[in-house]
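See below for work.cif, which holds mmCIF, C-alpha atoms.
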```cif
data_target
#
loop_
_atom_site.group_PDB
_atom_site.id
_atom_site.type_symbol
_atom_site.label_atom_id
_atom_site.label_comp_id
_atom_site.auth_asym_id
_atom_site.auth_seq_id
_atom_site.Cartn_x
_atom_site.Cartn_y
_atom_site.Cartn_z
ATOM 1 C CA ARG T 25 0.000 0.000 0.000
ATOM 2 C CA ASP T 26 1.256 3.483 -0.811
ATOM 3 C CA ARG T 27 0.168 6.967 0.087
ATOM 4 C CA THR T 28 1.333 10.122 -1.624
ATOM 5 C CA SER T 29 1.020 13.760 -0.633
ATOM 6 C CA THR T 30 1.231 14.907 -4.262
ATOM 7 C CA MET T 31 -2.436 14.028 -4.956
ATOM 8 C CA ASN T 32 -5.829 14.930 -3.557
ATOM 9 C CA PRO T 33 -6.504 13.190 -0.203
ATOM 10 C CA SER T 34 -9.489 11.384 -1.744
ATOM 11 C CA GLN T 35 -7.253 9.775 -4.394
ATOM 12 C CA ASN T 36 -3.821 9.595 -2.768
ATOM 13 C CA SER T 37 -3.838 5.977 -1.568
ATOM 14 C CA PHE T 38 -3.582 2.784 -3.605
ATOM 15 C CA VAL T 39 -2.715 -0.882 -3.155
ATOM 16 C CA TYR T 40 -0.259 -2.802 -5.353
ATOM 17 C CA PRO T 41 -0.171 -6.493 -4.399
ATOM 18 C CA SER T 42 1.927 -9.171 -6.094
ATOM 19 C CA VAL T 43 2.471 -12.919 -5.925
ATOM 20 C CA ASN T 44 5.031 -15.170 -7.568
ATOM 21 C CA SER T 45 5.943 -18.822 -7.561
ATOM 22 C CA SER T 46 8.522 -21.138 -9.118
ATOM 23 C CA PHE T 47 8.823 -24.867 -9.813
ATOM 24 C CA ILE T 48 12.163 -26.647 -10.308
ATOM 25 C CA LEU T 49 11.223 -29.107 -13.023
ATOM 26 C CA SER T 50 14.640 -30.782 -13.114
ATOM 27 C CA ASP T 51 14.146 -31.962 -9.498
ATOM 28 C CA VAL T 52 11.007 -33.855 -10.498
ATOM 29 C CA VAL T 53 11.611 -35.021 -14.058
ATOM 30 C CA LYS T 54 14.787 -36.773 -15.193
ATOM 31 C CA MET T 55 16.426 -34.588 -17.828
ATOM 32 C CA PRO T 56 18.924 -35.495 -20.576
ATOM 33 C CA ALA T 57 22.547 -35.375 -19.455
ATOM 34 C CA PHE T 58 23.285 -32.051 -21.183
ATOM 35 C CA ILE T 59 20.498 -30.263 -19.218
ATOM 36 C CA ASN T 60 21.696 -29.389 -15.727
ATOM 37 C CA SER T 61 18.724 -27.454 -14.386
ATOM 38 C CA THR T 62 15.275 -26.296 -15.428
ATOM 39 C CA LYS T 63 13.023 -23.932 -13.497
ATOM 40 C CA LEU T 64 9.569 -22.619 -14.358
ATOM 41 C CA ARG T 65 8.256 -19.418 -12.800
ATOM 42 C CA ALA T 66 5.077 -17.353 -12.832
ATOM 43 C CA SER T 67 4.121 -14.044 -11.288
ATOM 44 C CA TRP T 68 1.248 -11.584 -11.091
ATOM 45 C CA GLY T 69 1.269 -8.099 -9.663
ATOM 46 C CA ILE T 70 0.106 -4.510 -9.739
ATOM 47 C CA VAL T 71 2.467 -1.549 -9.838
ATOM 48 C CA GLY T 72 1.199 1.888 -8.859
ATOM 49 C CA ASN T 73 2.345 5.209 -10.270
ATOM 50 C CA TYR T 74 1.424 8.800 -9.509
ATOM 51 C CA PRO T 75 2.347 12.250 -10.862
ATOM 52 C CA GLY T 76 5.513 14.031 -9.826
ATOM 53 C CA ALA T 77 5.483 16.314 -6.817
ATOM 54 C CA TYR T 78 2.834 19.058 -7.033
ATOM 55 C CA LEU T 79 1.937 18.324 -10.681
ATOM 56 C CA ALA T 80 -1.598 17.294 -9.683
ATOM 57 C CA ASN T 81 -2.168 20.430 -7.614
ATOM 58 C CA VAL T 82 -4.390 23.128 -9.073
ATOM 59 C CA ALA T 83 -2.097 26.117 -8.622
ATOM 60 C CA TYR T 84 -1.761 29.668 -9.847
ATOM 61 C CA SER T 85 1.174 32.035 -10.035
ATOM 62 C CA LEU T 86 1.198 35.794 -9.480
ATOM 63 C CA GLY T 87 1.512 38.009 -12.521
ATOM 64 C CA ASN T 88 2.476 41.708 -12.412
ATOM 65 C CA LEU T 89 0.273 44.034 -14.473
ATOM 66 C CA GLY T 90 2.653 46.958 -13.905
ATOM 67 C CA ASN T 91 1.911 50.533 -12.907
ATOM 68 C CA GLN T 92 -1.669 51.446 -13.826
ATOM 69 C CA GLY T 93 -1.823 55.207 -14.281
ATOM 70 C CA SER T 94 -0.271 57.888 -12.105
ATOM 71 C CA GLY T 95 1.019 57.023 -8.705
ATOM 72 C CA SER T 96 3.089 54.103 -7.545
ATOM 73 C CA SER T 97 0.425 51.408 -7.116
ATOM 74 C CA THR T 98 1.118 48.140 -8.968
ATOM 75 C CA LEU T 99 -1.614 45.639 -9.742
ATOM 76 C CA THR T 100 -1.118 41.901 -9.700
ATOM 77 C CA SER T 101 -3.232 39.019 -10.947
ATOM 78 C CA THR T 102 -3.251 35.266 -10.612
ATOM 79 C CA VAL T 103 -2.665 33.205 -13.762
ATOM 80 C CA ALA T 104 -2.802 29.462 -14.345
ATOM 81 C CA THR T 105 0.407 27.544 -14.852
ATOM 82 C CA GLY T 106 1.363 26.036 -18.242
ATOM 83 C CA THR T 107 0.043 22.608 -17.221
ATOM 84 C CA TYR T 108 -3.118 22.741 -15.125
ATOM 85 C CA GLY T 109 -3.377 20.240 -12.293
ATOM 86 C CA ASN T 110 -6.274 17.896 -11.563
ATOM 87 C CA ASP T 111 -7.741 17.338 -8.094
ATOM 88 C CA LEU T 112 -9.556 14.231 -9.336
ATOM 89 C CA ILE T 113 -6.551 12.525 -10.952
ATOM 90 C CA ARG T 114 -6.414 8.814 -10.132
ATOM 91 C CA PRO T 115 -3.247 6.759 -9.638
ATOM 92 C CA GLU T 116 -1.966 4.972 -12.735
ATOM 93 C CA LYS T 117 -1.780 1.183 -12.280
ATOM 94 C CA LYS T 118 -0.087 -1.535 -14.295
ATOM 95 C CA HIS T 119 -1.519 -5.056 -13.966
ATOM 96 C CA GLU T 120 0.988 -7.629 -15.210
ATOM 97 C CA ILE T 121 1.316 -11.395 -15.521
ATOM 98 C CA GLU T 122 4.559 -13.130 -16.487
ATOM 99 C CA PHE T 123 5.676 -16.691 -17.213
ATOM 100 C CA GLY T 124 9.321 -17.664 -17.417
ATOM 101 C CA LEU T 125 11.755 -20.504 -18.019
ATOM 102 C CA GLU T 126 15.336 -20.750 -16.743
ATOM 103 C CA ALA T 127 17.645 -23.522 -17.878
ATOM 104 C CA GLY T 128 21.326 -24.453 -17.650
ATOM 105 C CA PHE T 129 23.141 -26.661 -20.164
ATOM 106 C CA PHE T 130 26.516 -28.390 -20.502
ATOM 107 C CA ASN T 131 27.596 -28.111 -16.876
ATOM 108 C CA ASN T 132 25.964 -24.665 -16.712
ATOM 109 C CA ARG T 133 28.317 -23.229 -19.303
ATOM 110 C CA VAL T 134 25.254 -22.178 -21.302
ATOM 111 C CA ASN T 135 22.267 -20.495 -19.624
ATOM 112 C CA LEU T 136 18.890 -19.529 -21.023
ATOM 113 C CA ASP T 137 16.255 -17.206 -19.550
ATOM 114 C CA LEU T 138 12.988 -16.939 -21.478
ATOM 115 C CA ALA T 139 9.988 -14.867 -20.352
ATOM 116 C CA TYR T 140 6.561 -13.902 -21.676
ATOM 117 C CA TYR T 141 4.687 -10.947 -20.191
ATOM 118 C CA ASN T 142 1.281 -9.376 -20.649
ATOM 119 C CA ASN T 143 0.346 -6.167 -18.888
ATOM 120 C CA LYS T 144 -2.405 -3.579 -18.906
ATOM 121 C CA VAL T 145 -1.816 0.019 -17.849
ATOM 122 C CA VAL T 146 -5.044 1.486 -16.486
ATOM 123 C CA ASP T 147 -5.692 5.219 -16.028
ATOM 124 C CA MET T 148 -2.564 6.326 -17.885
ATOM 125 C CA ILE T 149 -1.531 9.793 -16.715
ATOM 126 C CA LEU T 150 -0.655 12.261 -19.482
ATOM 127 C CA PRO T 151 -1.029 16.025 -20.004
ATOM 128 C CA LEU T 152 -3.969 16.566 -22.360
ATOM 129 C CA GLU T 153 -3.918 19.688 -24.537
ATOM 130 C CA ILE T 154 -6.695 22.207 -23.897
ATOM 131 C CA SER T 155 -7.585 25.623 -25.311
ATOM 132 C CA GLN T 156 -5.201 28.402 -24.288
ATOM 133 C CA SER T 157 -8.267 30.546 -23.521
ATOM 134 C CA THR T 158 -8.634 28.537 -20.317
ATOM 135 C CA GLY T 159 -5.377 30.027 -19.079
ATOM 136 C CA ALA T 160 -3.310 26.850 -19.473
ATOM 137 C CA GLY T 161 -1.980 24.802 -22.367
ATOM 138 C CA SER T 162 -2.749 21.346 -20.981
ATOM 139 C CA ILE T 163 -4.370 19.533 -18.073
ATOM 140 C CA LEU T 164 -3.166 16.427 -16.264
ATOM 141 C CA THR T 165 -5.579 13.610 -17.142
ATOM 142 C CA ASN T 166 -6.195 9.870 -16.854
ATOM 143 C CA VAL T 167 -6.345 9.346 -20.605
ATOM 144 C CA GLY T 168 -7.059 5.625 -21.046
ATOM 145 C CA THR T 169 -5.914 2.007 -21.030
ATOM 146 C CA LEU T 170 -2.811 0.596 -22.750
ATOM 147 C CA ARG T 171 -2.031 -3.103 -23.358
ATOM 148 C CA ASN T 172 1.519 -4.466 -23.742
ATOM 149 C CA HIS T 173 2.707 -8.005 -24.352
ATOM 150 C CA GLY T 174 5.981 -9.452 -25.481
ATOM 151 C CA VAL T 175 8.884 -11.832 -25.049
ATOM 152 C CA GLU T 176 12.273 -11.377 -23.386
ATOM 153 C CA VAL T 177 15.182 -13.735 -24.111
ATOM 154 C CA ALA T 178 18.638 -13.859 -22.521
ATOM 155 C CA LEU T 179 21.255 -16.400 -23.622
ATOM 156 C CA ASN T 180 24.766 -16.409 -22.224
ATOM 157 C CA GLY T 181 27.606 -18.815 -21.699
ATOM 158 C CA THR T 182 31.317 -19.474 -21.357
ATOM 159 C CA ALA T 183 32.784 -19.984 -24.817
ATOM 160 C CA ILE T 184 36.370 -20.612 -23.659
ATOM 161 C CA GLN T 185 37.616 -21.475 -20.182
ATOM 162 C CA ARG T 186 41.328 -22.110 -19.615
ATOM 163 C CA ARG T 187 43.649 -21.794 -16.656
ATOM 164 C CA ASN T 188 44.512 -18.143 -17.320
ATOM 165 C CA PHE T 189 41.975 -17.152 -19.961
ATOM 166 C CA THR T 190 38.154 -16.997 -19.996
ATOM 167 C CA TRP T 191 35.771 -15.740 -22.667
ATOM 168 C CA GLU T 192 32.125 -15.185 -21.679
ATOM 169 C CA THR T 193 29.560 -14.059 -24.226
ATOM 170 C CA GLY T 194 25.828 -13.463 -24.347
ATOM 171 C CA VAL T 195 22.902 -11.857 -26.072
ATOM 172 C CA ASN T 196 19.608 -10.443 -24.800
ATOM 173 C CA PHE T 197 16.579 -9.608 -26.864
ATOM 174 C CA SER T 198 13.102 -8.294 -26.116
ATOM 175 C CA PHE T 199 10.080 -7.814 -28.354
ATOM 176 C CA ASN T 200 7.069 -5.707 -27.372
ATOM 177 C CA ASN T 201 3.671 -5.192 -28.964
ATOM 178 C CA ASN T 202 1.163 -2.675 -27.666
ATOM 179 C CA LYS T 203 -2.145 -1.049 -28.465
ATOM 180 C CA ILE T 204 -4.543 1.494 -27.038
ATOM 181 C CA GLU T 205 -7.613 -0.329 -25.698
ATOM 182 C CA LYS T 206 -9.663 2.610 -24.460
ATOM 183 C CA LEU T 207 -9.578 6.402 -24.134
ATOM 184 C CA THR T 208 -11.425 8.068 -21.278
ATOM 185 C CA THR T 209 -11.765 11.285 -23.282
ATOM 186 C CA GLY T 210 -14.574 9.756 -25.379
ATOM 187 C CA SER T 211 -12.498 10.257 -28.522
ATOM 188 C CA ASN T 212 -11.221 7.497 -30.799
ATOM 189 C CA GLU T 213 -7.735 8.987 -30.972
ATOM 190 C CA LEU T 214 -5.164 10.864 -28.931
ATOM 191 C CA ILE T 215 -2.950 13.369 -30.772
ATOM 192 C CA HIS T 216 0.563 13.631 -29.352
ATOM 193 C CA ALA T 217 2.051 16.138 -31.814
ATOM 194 C CA ASP T 218 1.083 18.221 -34.841
ATOM 195 C CA TYR T 219 3.857 19.066 -37.302
ATOM 196 C CA ASP T 220 4.074 22.081 -39.601
ATOM 197 C CA GLY T 221 0.434 23.134 -39.465
ATOM 198 C CA ASN T 222 -1.111 19.662 -39.764
ATOM 199 C CA ALA T 223 1.259 18.525 -42.506
ATOM 200 C CA ALA T 224 1.676 15.430 -40.344
ATOM 201 C CA VAL T 225 0.510 14.245 -36.933
ATOM 202 C CA LEU T 226 1.684 11.720 -34.364
ATOM 203 C CA LYS T 227 -1.314 10.077 -32.748
ATOM 204 C CA SER T 228 -2.611 6.946 -31.049
ATOM 205 C CA VAL T 229 -5.855 5.393 -32.281
ATOM 206 C CA VAL T 230 -7.993 3.011 -30.235
ATOM 207 C CA GLY T 231 -7.256 -0.553 -31.300
ATOM 208 C CA GLN T 232 -3.903 0.433 -32.831
ATOM 209 C CA PRO T 233 -0.333 0.683 -31.466
ATOM 210 C CA VAL T 234 0.807 3.821 -29.682
ATOM 211 C CA GLY T 235 2.421 6.572 -31.761
ATOM 212 C CA ASP T 236 1.420 6.225 -35.417
ATOM 213 C CA PHE T 237 2.620 8.782 -37.983
ATOM 214 C CA TYR T 238 -0.106 10.144 -40.270
ATOM 215 C CA ALA T 239 0.380 12.500 -43.235
ATOM 216 C CA HIS T 240 -1.549 13.761 -46.268
ATOM 217 C CA PRO T 241 -1.255 11.504 -49.339
ATOM 218 C CA ILE T 242 -0.677 12.659 -52.898
ATOM 219 C CA LYS T 243 -3.952 13.682 -54.512
ATOM 220 C CA THR T 244 -5.045 11.590 -57.506
ATOM 221 C CA ASP T 245 -7.485 12.108 -60.355
ATOM 222 C CA SER T 246 -10.421 9.887 -61.322
ATOM 223 C CA LYS T 247 -8.009 7.464 -62.991
ATOM 224 C CA GLY T 248 -5.821 7.171 -59.919
ATOM 225 C CA GLN T 249 -2.961 9.175 -61.429
ATOM 226 C CA PRO T 250 -1.038 11.634 -59.186
ATOM 227 C CA ILE T 251 -1.975 15.282 -59.722
ATOM 228 C CA VAL T 252 1.030 17.551 -60.380
ATOM 229 C CA ASN T 253 1.189 21.277 -59.657
ATOM 230 C CA ASP T 254 2.833 23.281 -62.473
ATOM 231 C CA TYR T 255 3.845 26.760 -61.324
ATOM 232 C CA GLY T 256 4.811 27.909 -64.840
ATOM 233 C CA ASP T 257 8.442 28.565 -63.979
ATOM 234 C CA GLY T 258 9.648 25.014 -64.400
ATOM 235 C CA THR T 259 8.803 24.151 -60.794
ATOM 236 C CA LEU T 260 6.719 21.019 -60.383
ATOM 237 C CA ASP T 261 5.489 19.155 -57.337
ATOM 238 C CA TYR T 262 2.763 16.769 -56.349
ATOM 239 C CA GLN T 263 -0.523 18.112 -54.997
ATOM 240 C CA LEU T 264 -1.422 16.792 -51.544
ATOM 241 C CA ASP T 265 -4.922 15.745 -50.542
ATOM 242 C CA GLY T 266 -5.647 17.916 -47.507
ATOM 243 C CA SER T 267 -8.902 16.075 -46.776
ATOM 244 C CA LYS T 268 -7.175 12.770 -45.933
ATOM 245 C CA LEU T 269 -4.623 11.527 -43.416
ATOM 246 C CA VAL T 270 -2.929 8.196 -44.118
ATOM 247 C CA LYS T 271 -0.835 6.116 -41.731
ATOM 248 C CA TYR T 272 2.790 5.827 -42.871
ATOM 249 C CA GLY T 273 4.518 4.179 -39.925
ATOM 250 C CA ASN T 274 4.800 3.744 -36.188
ATOM 251 C CA SER T 275 7.278 5.489 -33.907
ATOM 252 C CA GLN T 276 7.634 2.598 -31.451
ATOM 253 C CA VAL T 277 10.729 0.394 -31.502
ATOM 254 C CA LYS T 278 9.684 -3.222 -32.104
ATOM 255 C CA ALA T 279 12.649 -4.887 -30.456
ATOM 256 C CA VAL T 280 15.738 -3.973 -28.448
ATOM 257 C CA GLY T 281 18.694 -5.988 -27.315
ATOM 258 C CA GLY T 282 22.409 -6.269 -27.072
ATOM 259 C CA PHE T 283 25.513 -8.442 -27.212
ATOM 260 C CA TYR T 284 28.279 -8.601 -24.676
ATOM 261 C CA ASN T 285 31.707 -10.205 -24.593
ATOM 262 C CA SER T 286 33.945 -10.435 -21.557
ATOM 263 C CA PHE T 287 37.579 -11.515 -21.847
ATOM 264 C CA SER T 288 39.735 -12.265 -18.816
ATOM 265 C CA TYR T 289 43.442 -13.025 -18.789
ATOM 266 C CA LYS T 290 44.988 -13.478 -15.356
ATOM 267 C CA SER T 291 44.194 -10.213 -13.514
ATOM 268 C CA PHE T 292 43.259 -8.270 -16.679
ATOM 269 C CA SER T 293 39.773 -8.055 -18.198
ATOM 270 C CA LEU T 294 38.164 -6.489 -21.273
ATOM 271 C CA GLU T 295 34.405 -6.063 -21.761
ATOM 272 C CA LEU T 296 32.672 -5.156 -25.024
ATOM 273 C CA TYR T 297 28.986 -4.214 -25.306
ATOM 274 C CA THR T 298 26.835 -3.637 -28.392
ATOM 275 C CA ASP T 299 23.212 -2.485 -28.333
ATOM 276 C CA PHE T 300 20.672 -2.674 -31.131
ATOM 277 C CA ARG T 301 17.168 -1.425 -31.866
ATOM 278 C CA ILE T 302 14.880 -2.842 -34.559
ATOM 279 C CA GLY T 303 11.935 -1.004 -36.096
ATOM 280 C CA GLY T 304 10.388 2.358 -35.325
ATOM 281 C CA TYR T 305 9.865 5.174 -37.817
ATOM 282 C CA VAL T 306 11.128 8.732 -37.438
ATOM 283 C CA MET T 307 9.995 11.823 -39.290
ATOM 284 C CA PRO T 308 13.051 13.822 -40.475
ATOM 285 C CA THR T 309 11.377 17.229 -40.565
ATOM 286 C CA GLY T 310 14.711 19.024 -40.818
ATOM 287 C CA LEU T 311 15.770 16.882 -43.795
ATOM 288 C CA ASN T 312 12.459 17.605 -45.536
ATOM 289 C CA TRP T 313 13.008 21.353 -45.115
ATOM 290 C CA LEU T 314 16.545 21.072 -46.520
ATOM 291 C CA THR T 315 15.295 19.085 -49.514
ATOM 292 C CA GLY T 316 12.534 21.635 -50.151
ATOM 293 C CA ARG T 317 15.195 24.342 -50.364
ATOM 294 C CA GLY T 318 17.428 22.409 -52.728
ATOM 295 C CA LEU T 319 20.165 21.738 -50.184
ATOM 296 C CA THR T 320 20.300 17.945 -50.410
ATOM 297 C CA LYS T 321 21.183 15.469 -53.142
ATOM 298 C CA GLU T 322 17.567 14.229 -53.196
ATOM 299 C CA SER T 323 16.401 17.663 -54.368
ATOM 300 C CA LEU T 324 18.131 16.981 -57.736
ATOM 301 C CA ASN T 325 15.658 14.207 -58.562
ATOM 302 C CA VAL T 326 13.446 15.065 -61.511
ATOM 303 C CA MET T 327 9.760 14.145 -61.382
#
```
Using structure tokens, write down the structure from this file.
Amino acid sequence: RDRTSTMNPSQNSFVYPSVNSSFILSDVVKMPAFINSTKLRASWGIVGNYPGAYLANVAYSLGNLGNQGSGSSTLTSTVATGTYGNDLIRPEKKHEIEFGLEAGFFNNRVNLDLAYYNNKVVDMILPLEISQSTGAGSILTNVGTLRNHGVEVALNGTAIQRRNFTWETGVNFSFNNNKIEKLTTGSNELIHADYDGNAAVLKSVVGQPVGDFYAHPIKTDSKGQPIVNDYGDGTLDYQLDGSKLVKYGNSQVKAVGGFYNSFSYKSFSLELYTDFRIGGYVMPTGLNWLTGRGLTKESLNVM
């Protein structure tokens, strides 16, 4: 159980229980000689999260209106902060279940750790954009429910073991898939960013993964052929369809991992680490501006 002073007293307490268990299969079932140990594990739990200190408080700051007329009197006013708090904000909770397998092979010179997880984040806390006429740019909100599931793999072992020299190596890899299950705002989508006056948007749509890139497609005629703008000075470009937004990619990394190698010779050691990321789109806005101004090699391409 946790209690936080950063939230309203009616919402500042939450419970996050957990339970886990393991079963050593190799103690019950006779394994082949090359398998030294096998353990199965399972766990379930809830993790609580709450806003940073004072972010949930509805607070105002003093603003100076300056000297109003003759005399020395100075007027002040109270103005909302950039992000408005929320007295009714609820704690964010992640419900997770995990199953795992641990195994050792060849006198434990090779070890495997395999896990599957499935979690649901309820009452996600994010600042939601609101009209500036309210006096603030955003309000802290429980925006919805997010589902994650994936696999984590770790494989390591001792490749060489001599009297004065040892080489240990390993790789770890994790794959995650997520989607927005529900938005408490009543909308079907949550916009995270708008680029260059709605030229493109980064948003999350209910039933889809978090962080999809959408942009306007090239406008076509009745025959499906792209429509080209001719400015009469030799400048040509495609005409965009401002009435449509099409998904072009997702910003989330699909998998992350790394390799490591550790070499030991007597009292000396050398460790090498390499990380990798697979998947995930980026939108090179700066590169697009450079190309539009003829400053990149791609701008030489003729339509």
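Distance-wise, atom CA of T:Val229 and atom CA of T:Leu269 end up 12.8 Å apart.
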Env of T:Asn73: 8 Å cut, atoms = all atoms listed in the file, seq-sep filter 3 positions within chain, self excluded. Answer as a list in words.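 The contact residues come out as Pro115, Glu116 and Lys117 of chain T.
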Pick from T:Ile59, T:Ile121, T:Val71, T:Ala279, whichever lies nearest to T:Arg133 using all atoms listed in the file: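 With all atoms listed in the file as the atom set, the closest residue is T:Ile59.
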Find, counting only C-alpha atoms, the residue in T:Val230, T:Leu314, T:Ala183, T:Val39 that gets nearest to T:Ile215.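 For T:Ile215, the nearest of the candidates is T:Val230.
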Expand the PyMOL selection byres ((chain T and resi 40) around 12) into the explicit residue set it covers here, and present it as a short mmCIF file (atom, residue, chain, number, x, y, z; two decimals) with C-alpha atoms, keeping the file's coordinate frame.
```cif
data_model
loop_
_atom_site.label_atom_id
_atom_site.label_comp_id
_atom_site.auth_asym_id
_atom_site.auth_seq_id
_atom_site.Cartn_x
_atom_site.Cartn_y
_atom_site.Cartn_z
CA ARG T 25 0.00 0.00 0.00
CA ASP T 26 1.26 3.48 -0.81
CA ARG T 27 0.17 6.97 0.09
CA SER T 37 -3.84 5.98 -1.57
CA PHE T 38 -3.58 2.78 -3.60
CA VAL T 39 -2.72 -0.88 -3.16
CA PRO T 41 -0.17 -6.49 -4.40
CA SER T 42 1.93 -9.17 -6.09
CA VAL T 43 2.47 -12.92 -5.92
CA TRP T 68 1.25 -11.58 -11.09
CA GLY T 69 1.27 -8.10 -9.66
CA ILE T 70 0.11 -4.51 -9.74
CA VAL T 71 2.47 -1.55 -9.84
CA GLY T 72 1.20 1.89 -8.86
CA ASN T 73 2.35 5.21 -10.27
CA PRO T 115 -3.25 6.76 -9.64
CA GLU T 116 -1.97 4.97 -12.74
CA LYS T 117 -1.78 1.18 -12.28
CA LYS T 118 -0.09 -1.54 -14.30
CA HIS T 119 -1.52 -5.06 -13.97
CA GLU T 120 0.99 -7.63 -15.21
#
```
Pairwise distance for atom CA of T:Leu226 and atom CA of T:Glu213, rounded to one decimal in Å: 10.4 Å
T:Gly159, T:Gly194, T:Gly210, T:Gly273: which is nearest T:Lys227, counting only C-alpha atoms? T:Gly273
